[in-house]
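Colleague: Sharing a structure, written as structure tokens. Questions coming.
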Amino acid sequence: MEQKSTFWKSAMIYGLYIGIVLTLYSVILYVAGQSTNKSLVYVSIILYAVCIVLAQIHYRNHEKNGAISYGQAVGFAVGAMLFSGIITALYTLIIFKIDPGMIDQIKSVQEEAMLKQGLTEDQIEQAMSIASKMMTPGWMSMMSVLNAVIYGTVISLVSSIFIKKQPNEDAFEEAMEEVKTEE
């Protein structure tokens with residue numbers, strides 16, 4: 001039971017840190033007027049990866065005594081990203097309350113992308129009428145939680161390969177040798 005409490009507490013704390021880092025990055029993009037710049041938005045995926053790896057390493061070394069299985073590393077990262085998603089969802093709600101015009105900016109960027117794909121005006125109008133129903137602050141906040149968990153899952157499936165570390169099987173023998181030498 002102690003282990004679960006440590007898991008969720010650590011996941012929540014690291015999720016909070018990751019959420020704050022990603023929210024600060026989003027605020028910087030917003031202030032710079034680059035919130036819809038796709039290449040800069042992709043940088044957030046790199047931030048996700050870096051934050052996840054750092055959180056996994058710290059969790060492994062400080063909470064798991066240097067040993068963590070692949071599944072534990074994946075689970076921890078997904079848990080942390082769930083909490084991170086909650087933080088970014090709160091940011092999403094706040095930013096759309098502060099600047100409701102951002103939704104119109106996002107819509108215009110999507111329309112431009114569809115025009116570049118060669119869609120007709122009717123196709124774009126139909127797609128945008130469907131998309132408009134999902135472009136509400138509440139819906140976009142829920143999607144930010146889902147996206148964080150999906151990104152966390154995908155990234156951690158790869159990063160956990162490198163983070164996993166089996167416990168030292170000779171640790172018991174080493175401890176017993178230390179006890180014998182102390183006597």
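By convention here, the chains of the structure tokens are called A, B, ... in the order presented, each chain's residues are numbered starting at 1, and ligands are numbered starting at 1 in the order presented.
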What's around A:Gly85 at 6 Å? Count only C-alpha atoms, leave out sequence neighbours fewer than 3 positions away in its own chain, and write the answer as a ChimeraX atom specification.

Modeller: /A:81-82,88-89,144-145,148

Colleague: Kindly save the residues from that selection, with C-alpha atoms included, as a short mmCIF file (atom, residue, chain, number, x, y, z; two decimals), in the first residue's frame.

Modeller:
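Output below, filename part-v9.cif:
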```cif
data_model
loop_
_atom_site.label_atom_id
_atom_site.label_comp_id
_atom_site.auth_asym_id
_atom_site.auth_seq_id
_atom_site.Cartn_x
_atom_site.Cartn_y
_atom_site.Cartn_z
CA MET A 81 1.07 13.24 -17.83
CA LEU A 82 -2.50 12.80 -16.61
CA THR A 88 -2.82 22.43 -19.12
CA ALA A 89 -6.61 22.01 -19.24
CA SER A 144 -5.70 18.76 -23.72
CA VAL A 145 -5.96 16.14 -20.95
CA ALA A 148 -1.24 14.82 -22.65
#
```

Colleague: Based on DSSP run over this structure's backbone, return all residues of chain A in helix (DSSP H, G or I), as JSON, numbers by chain.

Modeller: {"A": [2, 3, 4, 5, 6, 7, 8, 9, 10, 11, 12, 13, 14, 15, 16, 17, 18, 19, 20, 21, 22, 23, 24, 25, 26, 27, 28, 29, 30, 31, 38, 39, 40, 41, 42, 43, 44, 45, 46, 47, 48, 49, 50, 51, 52, 53, 54, 55, 56, 57, 58, 59, 60, 61, 62, 63, 70, 71, 72, 73, 74, 75, 76, 77, 78, 79, 80, 81, 82, 83, 84, 85, 86, 87, 88, 89, 90, 91, 92, 93, 94, 95, 96, 97, 98, 101, 102, 103, 104, 105, 106, 107, 108, 109, 110, 111, 112, 113, 114, 115, 116, 121, 122, 123, 124, 125, 126, 127, 128, 129, 130, 131, 132, 133, 134, 137, 138, 139, 140, 141, 142, 143, 144, 145, 146, 147, 148, 149, 150, 151, 152, 153, 154, 155, 156, 157, 158, 159, 160, 161, 162, 163, 171, 172, 173, 174, 175, 176, 177, 178, 179, 180, 181, 182]}

Colleague: Taking 5 positions as the minimum chain separation for residues in the same chain, which residues sit within 9 Å of A:Gly71 when counting only C-alpha atoms? Answer as a PyMOL selection string.

Modeller: chain A and resi 76+157+160+164

Colleague: Could the residues in this selection be written to a file with N, CA and C atoms, as a PDB file, in the first residue's frame?

Modeller:
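This went into part-v3.pdb:
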```pdb
ATOM      1  N   PHE A  76       4.263   5.257 -14.600  1.00  0.00           N
ATOM      2  CA  PHE A  76       4.573   6.505 -13.911  1.00  0.00           C
ATOM      3  C   PHE A  76       4.468   7.695 -14.860  1.00  0.00           C
ATOM      4  N   LEU A 157       6.561   4.901 -23.851  1.00  0.00           N
ATOM      5  CA  LEU A 157       6.784   3.565 -24.418  1.00  0.00           C
ATOM      6  C   LEU A 157       8.205   3.451 -24.969  1.00  0.00           C
ATOM      7  N   SER A 160      10.981   4.500 -21.725  1.00  0.00           N
ATOM      8  CA  SER A 160      11.077   3.487 -20.669  1.00  0.00           C
ATOM      9  C   SER A 160      12.032   2.360 -21.031  1.00  0.00           C
ATOM     10  N   LYS A 164      14.376   1.866 -17.799  1.00  0.00           N
ATOM     11  CA  LYS A 164      14.223   0.662 -16.958  1.00  0.00           C
ATOM     12  C   LYS A 164      15.585   0.202 -16.445  1.00  0.00           C
TER      13      LYS A 164
END
```

Colleague: In Å, how far is it from atom CA of A:His62 to atom CA of A:Asn147?

Modeller: 27.9 Å

Colleague: Excluding A:Ser44 and any residue of its chain fewer than 2 positions from it, enumerate the residues within 10 Å of it, using only C-alpha atoms, and give them as a list in words.

Modeller: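 Counting only the stated atoms, we get Val21, Leu22, Thr23, Tyr25, Ser26, Ser39, Leu40, Val41, Tyr42, Ile46, Leu47, Tyr48, Ala49 and Val50 of chain A.
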
Colleague: Keeping only C-alpha atoms, write the selected residues to a file as an mmCIF file, in the first residue's frame.

Modeller:
```
data_model
loop_
_atom_site.group_PDB
_atom_site.id
_atom_site.type_symbol
_atom_site.label_atom_id
_atom_site.label_comp_id
_atom_site.auth_asym_id
_atom_site.auth_seq_id
_atom_site.Cartn_x
_atom_site.Cartn_y
_atom_site.Cartn_z
ATOM 1 C CA VAL A 21 6.709 23.995 -17.724
ATOM 2 C CA LEU A 22 4.325 23.420 -20.638
ATOM 3 C CA THR A 23 1.982 26.161 -19.462
ATOM 4 C CA TYR A 25 5.927 27.680 -22.739
ATOM 5 C CA SER A 26 2.345 28.220 -23.947
ATOM 6 C CA SER A 39 6.692 24.562 -35.815
ATOM 7 C CA LEU A 40 6.905 26.215 -32.400
ATOM 8 C CA VAL A 41 3.982 24.165 -31.127
ATOM 9 C CA TYR A 42 5.918 21.017 -32.102
ATOM 10 C CA ILE A 46 10.217 17.870 -27.269
ATOM 11 C CA LEU A 47 9.457 19.509 -23.909
ATOM 12 C CA TYR A 48 7.081 16.641 -23.125
ATOM 13 C CA ALA A 49 9.817 14.121 -23.903
ATOM 14 C CA VAL A 50 12.506 15.883 -21.888
#
```

Colleague: Do a neighbour search on stretch 141-143 of chain A at 12 Å with only C-alpha atoms, toss out local chain neighbours closer than 4 positions, and write the hits as a count of residues only.

Modeller: 23

Colleague: If we count only C-alpha atoms, what is near A:Val74 at a cut-off of 9 Å, once residues fewer than 6 positions away on the same chain are taken out, given as a list in words?

Modeller: Gln56, Gly152, Thr153, Ile155, Ser156, Leu157, Val158, Ser159 and Ser160 of chain A

Colleague: Go ahead and compute the interatomic distance for atom CA of A:Ile163 and atom CA of A:Leu54, in Å to one decimal.

Modeller: 9.7 Å
